[in-house]
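Participant: Dropping the structure in here first, questions after.
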Amino acid sequence: MSSRSDAEQTYYVPEQSKLPFLATIGLATFIYGAGATLNAARAGDPDPMSWLLPGGFAFFVAVLWQWFGTSIREHRLGLANAQLRRSYVLGMQWFIFSEVMFFFAFFLALAYVRLFVVPWLGGEGDHGLANRLWSGFAAEWPPSQTPQQALDAAGGTQLTARQSEFLAPPSTVSWSGIPLLNTILLLSSSVTLHFAHVALRGGRRGAMNVLLALTLALGMTFVALQAWEYHHAYTDLGLTLKSGIYGSTFYLLTGFHGLHVCIGALMLSVTLARARFAGDFTPEDHFGFQAASWYWHFVDVVWVCLFLSVYLL
Amino acid sequence: MAADHHGPAKGIGRWLFTTNHKDIGTMYLWFSFTMFIVGGLFALVIRTELFQPGLQFVKPEFFNQMTTMHGLVMVFGAIMPAWVGLANWMIPLMIGAPDMALPRMNNWSFWILPFAFAMLVATLFSEAGAPNFGWTFYAPLSTAYAPSSVTFFIFGVHLMGMSSIMGAINVIATIINMRAPGMTYMKMPMFVWTWLITAFLLIAVMPVLAGVVTMMLFDIHFGTSFFSAAGGGDPVLFQHVFWFFGHPEVYIMILPAFGVISEVLPTFARKPLFGYTSMVYATASIAFLSFIVWAHHMFTVGMPIAGELFFMYATMLIAVPTGVKVFNWVTTMFRGSLSFETPMLFAIAFIVLFTIGGFSGIMLAMAPLDFQYHDTYFVVAHFHYVLVQGALFSIYCGVYYWLPKWTGHMYDETLSKAHFWLTFIGVNLAFFPMHFVGLAGMPRRIPDYALQFADFNMLSSIGAYVTGFSQLIFLYVVIRCIRGGRPATDRVWEASHGLEWSVPSPAPYHTFAIPPQVR
């Protein structure tokens, strides 16, 4: 809440701005284009509107670029008083909370599947009766075959399922190789980022830049290794999105995490560029740095949960 | 800042590019009313078909599209934006802030909505037809068996979710950071308190909704098997994730209503709100409980008995804080010097009718009894009592209460009372008989029904028409009030209390550029 000293400097309420409306145009075009493209692909039709998705997305990103640029310029002009900076801090914190809840939905799904669905389908527990529909399916995690494969093998049929729709991979992703290395990389990147922050607060800008760059490099290595692991899983292991519930949860959890690492890396790149080339951020006032840093730590925490629940357990 | 000296910009640009919380609040409210009319027309199609048994006017496929679109439009297009509109208009005025904390993002939150709904409603005109799987879009109806428009539905929900999350972040940042000096948390008006908690709920559950529609998207387009047992998933998983969002969602629609009623009653009872502190804690308790009761929507899907019992008892616990609220409202009126202007009529009707909806909620909360009620018109009656006679009535209550502050004119008391009474009669005629047909076994979401339900259904349809056309009176009253009328004083009401009544009527374009000191 505001103290008297803040009240002396008025809260900056921006003038009219075209940015939000233009951002909406970009977002709506991009999203509508995504829908049209997906539907055309599913129906096997040619897609006359295929430019909407990339075009809208590019426009959307360009507007956001302008928008963040405007905020940064306003900040440099000294328009953002302490109270407005607190608004930004609150905005970022609650945004990260919303991201936490997004991941929560997928972790909830994974937990429910592992604790209830797979055992029931395998004939265990309260609803083991479900196994009558999928005779031959055994409850194990990761499943060596999907219920449908088990049924096909047992020579049974199910009216609702198309034959061989879901094929479980012959083997699954091990935690001990790349995932463990990736865990170490990402945890180290949080440490380097923390010390970059410490360096910033201590006014050691050179050290801050180096540590930021190091964080970014660790993050990029993580993404590269993750991409390589995906490639390995798709081609060598045969683990795809269509591999049943294990593939579904594996790819959506790690995939959305990977996307968030990329967004975090983008934020860190902008932060590094601002620090290195524009001389932004002071030991007392560095919201942009702080926001990118919080986001990165959040992505890191999600990975730890993911490493435990997807790979290890 | 320069903004202090500026009035609104001229022309359409004022609305497209505005950063002003009052402009944005106004846009939200008009958008909400437009969607209310659209959703209402869908409802009238439903009620027209159900006027008599037999298939008369629409095909069953189209009937399904109507029930789906009616629910989606009313929940996400009418009720929620109305609350955000009221929040935009009133929260800065009530806490002495110059505007919302993040004004540009505020505009963005609004403008996403018309595009999202245009995309959703446009599917009605597509070859495949609009979504037809009910507003709760249960898998596999909404995945394996869905029309192709489901893709646009999914992306529409993503857009609405973004809008809601950004709106809620703005509300939270405003309330935490923008209160005038001296406006401590426990001095905040109840409407601000309920919105703070609502915003928390929104940020907590809208991402979960985004998650569940994302799983649908991948099941439909990329071959995952979240909701398909053939691949090791489970359609019931959909219901768990959906209702983890869905139950807090119903409190998102009703908590701000509690806030409005708690503002209006003291004014027209000329007594301070009874039990302010307990109101705050009751609201917080309801919000907390909303996270642990979701599976009471799923008693009949075959949960383990421990689950049935847990969710039954947890749900019944909600009656305690809700009872505290109703008790406090009644006690606020007790021995007050009451007057019955239109906002007060809506408030009193809210208390009585919302409580009826609460009681049918307790009936539904009992797992063994729910096996009879599940998916019958009894459920339809229940949630319309809490959402129409609850949320909608309190939106009207708030709009009439603050309309003079917004426009600077008093509304027409006679016409608005006609609006109230016709709506009151209409909604009760429409929804009360649904309890009976539901208990007698009429399932929801069907275009045709057995003959013994005919009389009650005809009554419901007549009630729906009375309700629908009465809303035109409201539109007329509002437009007349904007155009002119008896000038409103700053206080507007004899016993009004709070910062929003300390600024002139109509409220100037910019208020509280210098925060007031609250004692």
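Order determines the names: the first chain of the structure tokens is A, the second B, and so forth; residues in each chain are numbered 1 upward, and ligands are numbered 1 upward as they are shown.
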Write out as a VMD selection string which residues come within 12 Å of Leu19 in chain A when counting only C-alpha atoms, dropping same-chain ones fewer than 6 positions away.

Facilitator: (chain A and resid 25 to 27 59 to 71) or (chain B and resid 16 to 19 103 to 108 111)

Participant: Those same residues - N, CA, C and O atoms - I'd like them written as a CSV table (one decimal), in the first residue's frame.

Facilitator:
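Once written, out_30.csv looks like this:
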```
chain,number,residue,atom,x,y,z
A,25,ILE,N,-5.5,-7.7,-32.2
A,25,ILE,CA,-5.6,-8.0,-33.6
A,25,ILE,C,-4.6,-9.2,-34.0
A,25,ILE,O,-5.0,-10.2,-34.6
A,26,GLY,N,-3.4,-9.0,-33.5
A,26,GLY,CA,-2.4,-10.0,-33.8
A,26,GLY,C,-2.7,-11.3,-33.2
A,26,GLY,O,-2.7,-12.4,-33.9
A,27,LEU,N,-3.1,-11.3,-31.9
A,27,LEU,CA,-3.4,-12.5,-31.2
A,27,LEU,C,-4.6,-13.2,-31.8
A,27,LEU,O,-4.5,-14.4,-32.0
A,59,PHE,N,3.0,-10.5,-36.3
A,59,PHE,CA,2.5,-9.2,-36.0
A,59,PHE,C,2.3,-9.1,-34.5
A,59,PHE,O,2.7,-8.1,-33.9
A,60,PHE,N,1.8,-10.1,-33.8
A,60,PHE,CA,1.6,-10.1,-32.4
A,60,PHE,C,2.9,-9.9,-31.7
A,60,PHE,O,3.1,-9.1,-30.8
A,61,VAL,N,4.0,-10.7,-32.1
A,61,VAL,CA,5.3,-10.5,-31.4
A,61,VAL,C,5.8,-9.1,-31.7
A,61,VAL,O,6.4,-8.5,-30.7
A,62,ALA,N,5.6,-8.6,-32.9
A,62,ALA,CA,6.1,-7.2,-33.2
A,62,ALA,C,5.4,-6.2,-32.2
A,62,ALA,O,6.1,-5.3,-31.7
A,63,VAL,N,4.1,-6.4,-32.0
A,63,VAL,CA,3.4,-5.4,-31.1
A,63,VAL,C,3.9,-5.6,-29.7
A,63,VAL,O,4.2,-4.6,-29.0
A,64,LEU,N,4.1,-6.8,-29.3
A,64,LEU,CA,4.6,-7.0,-27.9
A,64,LEU,C,6.0,-6.4,-27.7
A,64,LEU,O,6.3,-5.8,-26.7
A,65,TRP,N,6.8,-6.5,-28.8
A,65,TRP,CA,8.2,-6.0,-28.8
A,65,TRP,C,8.1,-4.4,-28.5
A,65,TRP,O,8.8,-3.9,-27.7
A,66,GLN,N,7.2,-3.8,-29.3
A,66,GLN,CA,6.9,-2.4,-29.1
A,66,GLN,C,6.5,-2.0,-27.7
A,66,GLN,O,6.9,-1.1,-27.1
A,67,TRP,N,5.6,-2.9,-27.2
A,67,TRP,CA,4.9,-2.6,-25.9
A,67,TRP,C,6.0,-2.7,-24.8
A,67,TRP,O,6.1,-1.8,-24.0
A,68,PHE,N,6.8,-3.7,-24.8
A,68,PHE,CA,7.9,-3.8,-23.8
A,68,PHE,C,8.8,-2.7,-24.0
A,68,PHE,O,9.3,-2.1,-23.0
A,69,GLY,N,9.1,-2.3,-25.3
A,69,GLY,CA,10.0,-1.2,-25.5
A,69,GLY,C,9.5,0.1,-24.9
A,69,GLY,O,10.2,0.9,-24.3
A,70,THR,N,8.2,0.3,-25.1
A,70,THR,CA,7.6,1.5,-24.6
A,70,THR,C,7.7,1.5,-23.1
A,70,THR,O,8.1,2.6,-22.5
A,71,SER,N,7.4,0.4,-22.4
A,71,SER,CA,7.5,0.4,-20.9
A,71,SER,C,9.0,0.7,-20.5
A,71,SER,O,9.2,1.4,-19.5
B,16,LEU,N,-11.3,2.3,-28.5
B,16,LEU,CA,-10.3,1.3,-29.0
B,16,LEU,C,-9.0,1.4,-28.2
B,16,LEU,O,-8.4,0.4,-27.9
B,17,PHE,N,-8.6,2.6,-27.9
B,17,PHE,CA,-7.2,2.8,-27.4
B,17,PHE,C,-7.2,3.3,-26.0
B,17,PHE,O,-6.2,3.7,-25.5
B,18,THR,N,-8.3,3.2,-25.3
B,18,THR,CA,-8.4,3.9,-24.0
B,18,THR,C,-7.6,3.1,-22.9
B,18,THR,O,-7.3,1.9,-23.0
B,19,THR,N,-7.1,3.9,-21.9
B,19,THR,CA,-6.5,3.3,-20.8
B,19,THR,C,-7.2,3.6,-19.5
B,19,THR,O,-6.7,3.5,-18.4
B,103,PRO,N,-2.9,0.0,-16.6
B,103,PRO,CA,-4.0,0.5,-17.5
B,103,PRO,C,-4.0,-0.1,-18.9
B,103,PRO,O,-5.1,-0.3,-19.5
B,104,ARG,N,-2.8,-0.2,-19.5
B,104,ARG,CA,-2.8,-0.7,-20.9
B,104,ARG,C,-3.2,-2.2,-21.0
B,104,ARG,O,-4.0,-2.6,-21.8
B,105,MET,N,-2.7,-3.0,-20.0
B,105,MET,CA,-3.1,-4.4,-20.0
B,105,MET,C,-4.6,-4.5,-19.7
B,105,MET,O,-5.2,-5.4,-20.2
B,106,ASN,N,-5.1,-3.5,-19.0
B,106,ASN,CA,-6.6,-3.5,-18.7
B,106,ASN,C,-7.4,-3.5,-20.0
B,106,ASN,O,-8.3,-4.2,-20.3
B,107,ASN,N,-6.9,-2.6,-20.9
B,107,ASN,CA,-7.6,-2.5,-22.2
B,107,ASN,C,-7.4,-3.8,-23.0
B,107,ASN,O,-8.4,-4.2,-23.7
B,108,TRP,N,-6.3,-4.3,-23.0
B,108,TRP,CA,-6.0,-5.6,-23.7
B,108,TRP,C,-7.0,-6.7,-23.2
B,108,TRP,O,-7.6,-7.4,-24.0
B,111,TRP,N,-10.4,-6.1,-24.8
B,111,TRP,CA,-10.5,-6.3,-26.3
B,111,TRP,C,-10.4,-7.7,-26.8
B,111,TRP,O,-10.8,-8.0,-27.9
```

Participant: Select residues of chain A: the criterion is any atom within 7 Å of an atom of chain B, counting only C-alpha atoms; output as an NGL selection string.

Facilitator: :A and (1-4 or 7 or 10 or 12-18 or 20-21 or 24 or 28 or 31 or 35 or 39 or 42 or 86-87 or 90-91 or 94 or 98-99 or 101-102 or 105-106 or 109 or 113 or 117-118 or 126 or 146-148 or 161 or 166 or 241-242 or 244-245 or 248)

Participant: Write out as number ranges by chain the residues lying within 12 Å of Phe258 in chain B, counting only C-alpha atoms and excluding same-chain residues fewer than 3 positions away.

Facilitator: B: 83, 189-195, 197-198, 251-255, 261-265, 279-280, 282-284, 286, 321-322, 324-326, 328-329, 347, 350-351, 354, 386, 390-395, 397-398

Participant: Quick one: write out the picked residues with C-alpha atoms as a PDB file, in the first residue's frame?

Facilitator:
```pdb
ATOM      1  CA  TRP B  83     -18.243  -8.432 -12.776  1.00  0.00           C
ATOM      2  CA  PRO B 189     -15.419  -2.090   1.173  1.00  0.00           C
ATOM      3  CA  MET B 190     -16.793  -5.643   0.961  1.00  0.00           C
ATOM      4  CA  PHE B 191     -17.038  -5.407  -2.829  1.00  0.00           C
ATOM      5  CA  VAL B 192     -13.284  -4.829  -2.963  1.00  0.00           C
ATOM      6  CA  TRP B 193     -12.652  -7.701  -0.569  1.00  0.00           C
ATOM      7  CA  THR B 194     -14.797 -10.147  -2.477  1.00  0.00           C
ATOM      8  CA  TRP B 195     -13.104  -9.113  -5.722  1.00  0.00           C
ATOM      9  CA  ILE B 197     -10.568 -13.149  -3.375  1.00  0.00           C
ATOM     10  CA  THR B 198     -12.311 -13.654  -6.716  1.00  0.00           C
ATOM     11  CA  TYR B 251     -17.660 -18.860  -6.836  1.00  0.00           C
ATOM     12  CA  ILE B 252     -15.916 -16.512  -9.249  1.00  0.00           C
ATOM     13  CA  MET B 253     -19.396 -15.679 -10.479  1.00  0.00           C
ATOM     14  CA  ILE B 254     -21.001 -15.374  -7.040  1.00  0.00           C
ATOM     15  CA  LEU B 255     -18.408 -13.886  -4.635  1.00  0.00           C
ATOM     16  CA  ILE B 261     -25.199  -7.036  -1.629  1.00  0.00           C
ATOM     17  CA  SER B 262     -22.977  -6.120   1.322  1.00  0.00           C
ATOM     18  CA  GLU B 263     -22.587  -2.611  -0.146  1.00  0.00           C
ATOM     19  CA  VAL B 264     -26.233  -2.031  -0.969  1.00  0.00           C
ATOM     20  CA  LEU B 265     -27.966  -3.347   2.149  1.00  0.00           C
ATOM     21  CA  MET B 279     -17.976 -11.444   6.193  1.00  0.00           C
ATOM     22  CA  VAL B 280     -14.325 -11.213   5.147  1.00  0.00           C
ATOM     23  CA  ALA B 282     -16.537 -16.221   5.431  1.00  0.00           C
ATOM     24  CA  THR B 283     -15.643 -15.136   1.892  1.00  0.00           C
ATOM     25  CA  ALA B 284     -12.112 -16.446   2.290  1.00  0.00           C
ATOM     26  CA  ILE B 286     -15.791 -20.205   0.815  1.00  0.00           C
ATOM     27  CA  PRO B 321     -19.718 -19.614   5.844  1.00  0.00           C
ATOM     28  CA  THR B 322     -22.610 -19.027   3.444  1.00  0.00           C
ATOM     29  CA  VAL B 324     -22.843 -16.647   8.189  1.00  0.00           C
ATOM     30  CA  LYS B 325     -23.271 -14.312   5.244  1.00  0.00           C
ATOM     31  CA  VAL B 326     -27.022 -14.708   4.979  1.00  0.00           C
ATOM     32  CA  ASN B 328     -25.265 -11.052   8.566  1.00  0.00           C
ATOM     33  CA  TRP B 329     -27.330  -9.650   5.708  1.00  0.00           C
ATOM     34  CA  ALA B 347     -30.794  -7.162  -2.947  1.00  0.00           C
ATOM     35  CA  PHE B 350     -31.189 -11.953  -4.006  1.00  0.00           C
ATOM     36  CA  ILE B 351     -31.057 -12.982  -0.363  1.00  0.00           C
ATOM     37  CA  PHE B 354     -30.102 -17.220  -3.621  1.00  0.00           C
ATOM     38  CA  VAL B 386     -27.787 -19.205  -7.922  1.00  0.00           C
ATOM     39  CA  GLY B 390     -28.059 -14.864  -7.513  1.00  0.00           C
ATOM     40  CA  ALA B 391     -25.378 -13.445  -9.769  1.00  0.00           C
ATOM     41  CA  LEU B 392     -27.581 -11.673 -12.343  1.00  0.00           C
ATOM     42  CA  PHE B 393     -29.851 -10.101  -9.718  1.00  0.00           C
ATOM     43  CA  SER B 394     -26.863  -8.728  -7.841  1.00  0.00           C
ATOM     44  CA  ILE B 395     -25.381  -7.370 -11.079  1.00  0.00           C
ATOM     45  CA  CYS B 397     -28.550  -4.481  -7.988  1.00  0.00           C
ATOM     46  CA  GLY B 398     -25.065  -3.026  -8.430  1.00  0.00           C
TER      47      GLY B 398
END
```

Participant: What residues in range 27-208 of chain A get the DSSP label alpha helix (DSSP H)? Please answer as JSON, numbers by chain.

Facilitator: {"A": [27, 28, 29, 30, 31, 32, 33, 34, 35, 36, 37, 38, 39, 40, 41, 42, 43, 52, 53, 54, 55, 56, 57, 58, 59, 60, 61, 62, 63, 64, 65, 66, 67, 68, 69, 70, 71, 72, 73, 74, 75, 76, 82, 83, 84, 85, 86, 87, 88, 89, 90, 91, 92, 93, 94, 95, 96, 97, 98, 99, 100, 101, 102, 103, 104, 105, 106, 107, 108, 109, 110, 111, 112, 118, 119, 120, 121, 147, 148, 149, 150, 151, 152, 153, 178, 179, 180, 181, 182, 183, 184, 185, 186, 187, 188, 189, 190, 191, 192, 193, 194, 195, 196, 197, 198, 199, 200, 201, 205, 206, 207, 208]}

Participant: Using only C-alpha atoms, which residues sit within 10 Å of range 204-211 of chain A once same-chain residues fewer than 2 positions away are excluded, as a list of chain:residue names?

Facilitator: A:Ser189, A:Val191, A:Thr192, A:Leu193, A:His194, A:Phe195, A:Ala196, A:His197, A:Val198, A:Ala199, A:Leu200, A:Arg201, A:Gly202, A:Ala213, A:Leu214, A:Thr215, A:Leu216, A:Ala217, A:Thr271, A:Leu272, A:Ala273, A:Ala275, A:Arg276, A:Gly279, A:Phe281, A:Thr282, A:Pro283

Participant: Return the single residue from A:Pro119, A:Phe307, A:Gly156, A:Phe104 that is closest to Gly136 in chain A, with distances computed using only C-alpha atoms.

Facilitator: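 Closest candidate: A:Gly156.
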